[in-house]
Amino acid sequence: MIEGKLNVDDGRLYYAVSGKGDAVVLIHGNFNDHQIWNEQIDSFSAHYKLIRYDLRGYGLSSTPTSSFSNVDDLKALIDTLKLHNVTLVGSSMGAALL
């Protein structure tokens with residue numbers, strides 16, 4: 001697993017990458033963080049490149065201090081990791097980004 005922090009406008013996003021293959025970004029819901037997906041990592045990372053991250057204000061990402069866009073943050077993550085043909089999977093509030 002590779003972990004990192006991505007600097008975004010007035011903030012920082014935590015992310016973790018596991019596995020190889022087609023990219024799948026897992027987006028957590030409200031009152032959760034990237035760890036909600038822990039039980040899926042072993043089976044999915046055997047076939048896919050999984051990217052889990054914490055939305056601003058959750059988990060290991062920074063707390064927002066100004067207005068921001070979760071969609072812009074997601075795009076910045078995808079661009080930074082040079083992902084192509086990404087499948088997005090969202091739980092609860094995380095699905096609202098899709």
# chains A, B, ... in the order shown; residues from 1 in each chain; ligands from 1
$ residues_around --residues "Asp10 of chain A" --least-positions-apart "6" --cutoff "8 Å" --atoms "only C-alpha atoms" --output "PyMOL selection string"
chain A and resi 64-66
$ atom_distance --atom1 "atom CA of Met1 of chain A" --atom2 "atom CA of Leu50 of chain A"
9.6 Å
$ residues_around --residues "Tyr53 of chain A" --least-positions-apart "2" --cutoff "10 Å" --atoms "only C-alpha atoms" --output "list in words"
Glu3, Gly4, Lys5, Leu6, Leu13, Tyr14, Tyr15, Ala16, Val17, Val25, Leu26, Ile27, His28, Asp33, His34, Gln35, Leu50, Ile51, Leu55, Arg56, Tyr58, Gly59, Leu60, Ser61, Leu74 and Leu77 of chain A
$ select_by_dssp --residues "segment 7-44 of chain A" --states "helix (DSSP H, G or I)" --output "number ranges by chain"
A: 34-44
$ write_last_selection --atoms "N, CA, C and O atoms" --output "PDB file, in the first residue's frame"
ATOM      1  N   HIS A  34     -11.722   6.795   5.016  1.00  0.00           N
ATOM      2  CA  HIS A  34     -11.248   5.773   4.081  1.00  0.00           C
ATOM      3  C   HIS A  34     -11.271   4.362   4.669  1.00  0.00           C
ATOM      4  O   HIS A  34     -11.349   3.386   3.943  1.00  0.00           O
ATOM      5  N   GLN A  35     -11.240   4.248   5.971  1.00  0.00           N
ATOM      6  CA  GLN A  35     -11.183   2.935   6.617  1.00  0.00           C
ATOM      7  C   GLN A  35     -12.472   2.124   6.481  1.00  0.00           C
ATOM      8  O   GLN A  35     -12.465   0.914   6.711  1.00  0.00           O
ATOM      9  N   ILE A  36     -13.566   2.771   6.089  1.00  0.00           N
ATOM     10  CA  ILE A  36     -14.822   2.041   5.906  1.00  0.00           C
ATOM     11  C   ILE A  36     -14.654   0.930   4.859  1.00  0.00           C
ATOM     12  O   ILE A  36     -15.396  -0.051   4.856  1.00  0.00           O
ATOM     13  N   TRP A  37     -13.664   1.070   3.983  1.00  0.00           N
ATOM     14  CA  TRP A  37     -13.436   0.103   2.907  1.00  0.00           C
ATOM     15  C   TRP A  37     -12.422  -0.979   3.271  1.00  0.00           C
ATOM     16  O   TRP A  37     -12.090  -1.813   2.422  1.00  0.00           O
ATOM     17  N   ASN A  38     -11.903  -1.003   4.491  1.00  0.00           N
ATOM     18  CA  ASN A  38     -10.835  -1.933   4.865  1.00  0.00           C
ATOM     19  C   ASN A  38     -11.152  -3.391   4.547  1.00  0.00           C
ATOM     20  O   ASN A  38     -10.284  -4.136   4.106  1.00  0.00           O
ATOM     21  N   GLU A  39     -12.373  -3.822   4.757  1.00  0.00           N
ATOM     22  CA  GLU A  39     -12.709  -5.230   4.546  1.00  0.00           C
ATOM     23  C   GLU A  39     -12.754  -5.610   3.067  1.00  0.00           C
ATOM     24  O   GLU A  39     -12.692  -6.792   2.730  1.00  0.00           O
ATOM     25  N   GLN A  40     -12.827  -4.644   2.178  1.00  0.00           N
ATOM     26  CA  GLN A  40     -12.862  -4.932   0.755  1.00  0.00           C
ATOM     27  C   GLN A  40     -11.468  -4.927   0.114  1.00  0.00           C
ATOM     28  O   GLN A  40     -11.298  -5.410  -1.006  1.00  0.00           O
ATOM     29  N   ILE A  41     -10.487  -4.390   0.799  1.00  0.00           N
ATOM     30  CA  ILE A  41      -9.165  -4.170   0.208  1.00  0.00           C
ATOM     31  C   ILE A  41      -8.531  -5.455  -0.307  1.00  0.00           C
ATOM     32  O   ILE A  41      -8.089  -5.519  -1.450  1.00  0.00           O
ATOM     33  N   ASP A  42      -8.449  -6.493   0.503  1.00  0.00           N
ATOM     34  CA  ASP A  42      -7.749  -7.716   0.087  1.00  0.00           C
ATOM     35  C   ASP A  42      -8.336  -8.334  -1.168  1.00  0.00           C
ATOM     36  O   ASP A  42      -7.617  -8.653  -2.114  1.00  0.00           O
ATOM     37  N   SER A  43      -9.644  -8.495  -1.205  1.00  0.00           N
ATOM     38  CA  SER A  43     -10.235  -9.157  -2.376  1.00  0.00           C
ATOM     39  C   SER A  43     -10.218  -8.260  -3.615  1.00  0.00           C
ATOM     40  O   SER A  43      -9.913  -8.723  -4.714  1.00  0.00           O
ATOM     41  N   PHE A  44     -10.522  -6.971  -3.471  1.00  0.00           N
ATOM     42  CA  PHE A  44     -10.557  -6.085  -4.640  1.00  0.00           C
ATOM     43  C   PHE A  44      -9.171  -5.736  -5.165  1.00  0.00           C
ATOM     44  O   PHE A  44      -8.976  -5.617  -6.370  1.00  0.00           O
TER      45      PHE A  44
END
$ atom_distance --atom1 "atom CA of Val71 of chain A" --atom2 "atom CA of Ala46 of chain A"
27.6 Å
$ atom_distance --atom1 "atom CA of Asn7 of chain A" --atom2 "atom CA of Arg52 of chain A"
15.9 Å
$ select_by_dssp --residues "chain A" --states "strand (DSSP E)" --output "PyMOL selection string"
chain A and resi 2-8+11-18+22-27+48-53+87-90
$ closest_residue --among "A:Ser45, A:Asn32, A:Ser69, A:Ser62" --to "Arg12 of chain A" --atoms "only C-alpha atoms"
A:Ser62
$ closest_residue --among "A:Lys20, A:Val89, A:Tyr48, A:Val8" --to "Asn70 of chain A" --atoms "only C-alpha atoms"
A:Val8
$ closest_residue --among "A:His84, A:Ala96, A:Phe31, A:Asp9" --to "Asp72 of chain A" --atoms "only C-alpha atoms"
A:Asp9
